[in-house]
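Peer 1: The structure file data-v9.cif (mmCIF, C-alpha atoms) is provided below.
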data_protein
loop_
_atom_site.group_PDB
_atom_site.id
_atom_site.type_symbol
_atom_site.label_atom_id
_atom_site.label_comp_id
_atom_site.auth_asym_id
_atom_site.auth_seq_id
_atom_site.Cartn_x
_atom_site.Cartn_y
_atom_site.Cartn_z
ATOM 1 C CA MET A 29 75.623 123.083 97.994
ATOM 2 C CA TYR A 30 74.166 120.021 99.680
ATOM 3 C CA LEU A 31 76.287 117.369 101.333
ATOM 4 C CA SER A 32 75.346 113.716 101.386
ATOM 5 C CA HIS A 33 75.035 111.818 104.641
ATOM 6 C CA SER A 34 78.381 110.072 104.071
ATOM 7 C CA GLU A 35 80.101 113.399 103.308
ATOM 8 C CA ILE A 36 78.767 114.860 106.552
ATOM 9 C CA GLN A 37 80.020 111.793 108.446
ATOM 10 C CA GLN A 38 83.461 112.162 106.838
ATOM 11 C CA LEU A 39 83.615 115.812 107.896
ATOM 12 C CA HIS A 40 82.743 114.885 111.483
ATOM 13 C CA LEU A 41 85.449 112.209 111.507
ATOM 14 C CA LEU A 42 88.016 114.660 110.136
ATOM 15 C CA ARG A 43 87.108 117.284 112.722
ATOM 16 C CA GLU A 44 87.834 114.763 115.468
ATOM 17 C CA LYS A 45 91.380 114.196 114.184
ATOM 18 C CA SER A 46 94.330 116.259 115.303
ATOM 19 C CA PRO A 47 95.857 118.779 112.891
ATOM 20 C CA SER A 48 98.896 116.535 112.428
ATOM 21 C CA ASP A 49 96.643 113.568 111.574
ATOM 22 C CA ARG A 50 94.742 115.683 109.035
ATOM 23 C CA PHE A 51 98.038 116.835 107.556
ATOM 24 C CA SER A 52 99.202 113.212 107.243
ATOM 25 C CA LEU A 53 95.981 112.293 105.464
ATOM 26 C CA MET A 54 96.466 115.198 103.060
ATOM 27 C CA ILE A 55 100.015 114.045 102.283
ATOM 28 C CA GLN A 56 98.754 110.515 101.603
ATOM 29 C CA LEU A 57 96.077 111.828 99.244
ATOM 30 C CA ILE A 58 98.551 114.000 97.349
ATOM 31 C CA ASP A 59 101.013 111.100 97.108
ATOM 32 C CA GLY A 60 98.273 108.900 95.669
ATOM 33 C CA GLN A 61 97.359 111.603 93.174
ATOM 34 C CA ILE A 62 100.968 111.941 92.023
ATOM 35 C CA LYS A 63 101.333 108.168 91.636
ATOM 36 C CA ALA A 64 98.124 107.992 89.571
ATOM 37 C CA ILE A 65 99.217 110.844 87.318
ATOM 38 C CA LYS A 66 102.649 109.255 86.835
ATOM 39 C CA ALA A 67 101.047 105.932 85.939
ATOM 40 C CA GLY A 68 98.811 107.660 83.394
ATOM 41 C CA LEU A 69 101.736 109.521 81.863
ATOM 42 C CA ARG A 70 103.796 106.328 81.739
ATOM 43 C CA TYR A 71 100.876 104.562 80.003
ATOM 44 C CA LYS A 72 100.466 107.347 77.423
ATOM 45 C CA HIS A 73 104.212 107.815 76.896
ATOM 46 C CA PRO A 74 106.044 104.529 77.587
ATOM 47 C CA ASP A 75 109.184 105.819 75.861
ATOM 48 C CA LEU A 76 109.849 108.590 78.424
ATOM 49 C CA ASP A 77 112.868 108.218 80.673
ATOM 50 C CA ASP A 78 112.596 109.094 84.373
ATOM 51 C CA LYS A 79 113.782 112.691 83.911
ATOM 52 C CA GLU A 80 111.296 113.328 81.087
ATOM 53 C CA LEU A 81 108.545 111.719 83.136
ATOM 54 C CA GLU A 82 109.273 114.086 86.043
ATOM 55 C CA GLU A 83 109.118 117.086 83.679
ATOM 56 C CA CYS A 84 105.770 115.908 82.297
ATOM 57 C CA LEU A 85 104.526 115.393 85.849
ATOM 58 C CA LYS A 86 105.513 118.950 86.789
ATOM 59 C CA LEU A 87 103.730 120.381 83.747
ATOM 60 C CA THR A 88 100.637 118.295 84.425
ATOM 61 C CA MET A 89 100.510 119.352 88.087
ATOM 62 C CA LYS A 90 100.893 122.999 87.078
ATOM 63 C CA LYS A 91 97.964 122.624 84.666
ATOM 64 C CA ILE A 92 95.839 120.883 87.282
ATOM 65 C CA TYR A 93 96.446 123.557 89.875
ATOM 66 C CA SER A 94 96.423 126.415 87.328
ATOM 67 C CA LEU A 95 99.918 127.501 88.188
ATOM 68 C CA LYS A 96 102.127 129.337 85.708
ATOM 69 C CA PRO A 97 104.649 126.976 84.006
#
Could you quickly redo this structure as structure tokens?
Peer 2:
Amino acid sequence: MYLSHSEIQQLHLLREKSPSDRFSLMIQLIDGQIKAIKAGLRYKHPDLDDKELEECLKLTMKKIYSLKP
């Protein structure tokens, strides 16, 4: 697998960060992913209430990460 110049630069920048900073970045990325998935589910199923939306989110995340439902 070949990395682009910008990907190599990103790896170097990440290596310079502390473990807690890298963890914070990971949390931000996951939070953004969850918000995007929720927005997509809300768009596809505008009639869902908040509880149903959370259940759909859980099922979707399990499918994405190949976890057993």
Peer 1: Work out how far apart CA of Cys84 (chain A) and CA of Leu69 (chain A) are and give it in Å to one decimal.
Peer 2: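 Pair CA of Cys84 (chain A) / CA of Leu69 (chain A) returns 7.6 Å.
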Peer 1: Could you work out how far CA of Ile65 (chain A) lies from CA of Glu82 (chain A), giving the answer in Å with one decimal?
Peer 2: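 CA of Ile65 (chain A) lies at a distance of 10.6 Å from CA of Glu82 (chain A).
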Peer 1: In Å to one decimal, how far is CA of Lys63 (chain A) from CA of Glu35 (chain A)?
Peer 2: 24.8 Å
Peer 1: Would you mind completing region 65-86 of chain A to N, CA and C atoms and writing the output as a compact mmCIF listing (two decimals), keeping the file's coordinate frame?
Peer 2:
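The result, stored in part_9.txt:
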# COMPACT_ATOMS: atom_id res chain seq x y z
N ILE A 65 98.86 110.03 88.48
CA ILE A 65 99.22 110.84 87.32
C ILE A 65 100.45 110.26 86.63
N LYS A 66 101.45 109.86 87.42
CA LYS A 66 102.65 109.26 86.84
C LYS A 66 102.31 107.98 86.05
N ALA A 67 101.44 107.17 86.62
CA ALA A 67 101.05 105.93 85.94
C ALA A 67 100.35 106.24 84.62
N GLY A 68 99.49 107.26 84.62
CA GLY A 68 98.81 107.66 83.39
C GLY A 68 99.78 108.19 82.36
N LEU A 69 100.73 109.00 82.80
CA LEU A 69 101.74 109.52 81.86
C LEU A 69 102.60 108.40 81.31
N ARG A 70 102.98 107.47 82.18
CA ARG A 70 103.80 106.33 81.74
C ARG A 70 103.01 105.48 80.72
N TYR A 71 101.71 105.33 80.93
CA TYR A 71 100.88 104.56 80.00
C TYR A 71 100.79 105.26 78.65
N LYS A 72 100.59 106.59 78.67
CA LYS A 72 100.47 107.35 77.42
C LYS A 72 101.80 107.50 76.71
N HIS A 73 102.90 107.56 77.47
CA HIS A 73 104.21 107.82 76.90
C HIS A 73 105.23 106.82 77.45
N PRO A 74 105.16 105.55 77.02
CA PRO A 74 106.04 104.53 77.59
C PRO A 74 107.52 104.75 77.26
N ASP A 75 107.80 105.60 76.28
CA ASP A 75 109.18 105.82 75.86
C ASP A 75 109.91 106.88 76.70
N LEU A 76 109.22 107.55 77.62
CA LEU A 76 109.85 108.59 78.42
C LEU A 76 110.82 107.99 79.44
N ASP A 77 111.98 108.65 79.59
CA ASP A 77 112.87 108.22 80.67
C ASP A 77 112.40 108.90 81.97
N ASP A 78 113.04 108.58 83.07
CA ASP A 78 112.60 109.09 84.37
C ASP A 78 112.63 110.62 84.45
N LYS A 79 113.67 111.23 83.88
CA LYS A 79 113.78 112.69 83.91
C LYS A 79 112.65 113.34 83.10
N GLU A 80 112.38 112.80 81.93
CA GLU A 80 111.30 113.33 81.09
C GLU A 80 109.94 113.13 81.76
N LEU A 81 109.79 111.99 82.42
CA LEU A 81 108.54 111.72 83.14
C LEU A 81 108.33 112.75 84.24
N GLU A 82 109.38 113.08 84.98
CA GLU A 82 109.27 114.09 86.04
C GLU A 82 108.90 115.45 85.48
N GLU A 83 109.46 115.81 84.32
CA GLU A 83 109.12 117.09 83.68
C GLU A 83 107.65 117.11 83.26
N CYS A 84 107.18 116.00 82.68
CA CYS A 84 105.77 115.91 82.30
C CYS A 84 104.87 115.99 83.52
N LEU A 85 105.29 115.35 84.60
CA LEU A 85 104.53 115.39 85.85
C LEU A 85 104.42 116.83 86.36
N LYS A 86 105.53 117.56 86.34
CA LYS A 86 105.51 118.95 86.79
C LYS A 86 104.56 119.78 85.94
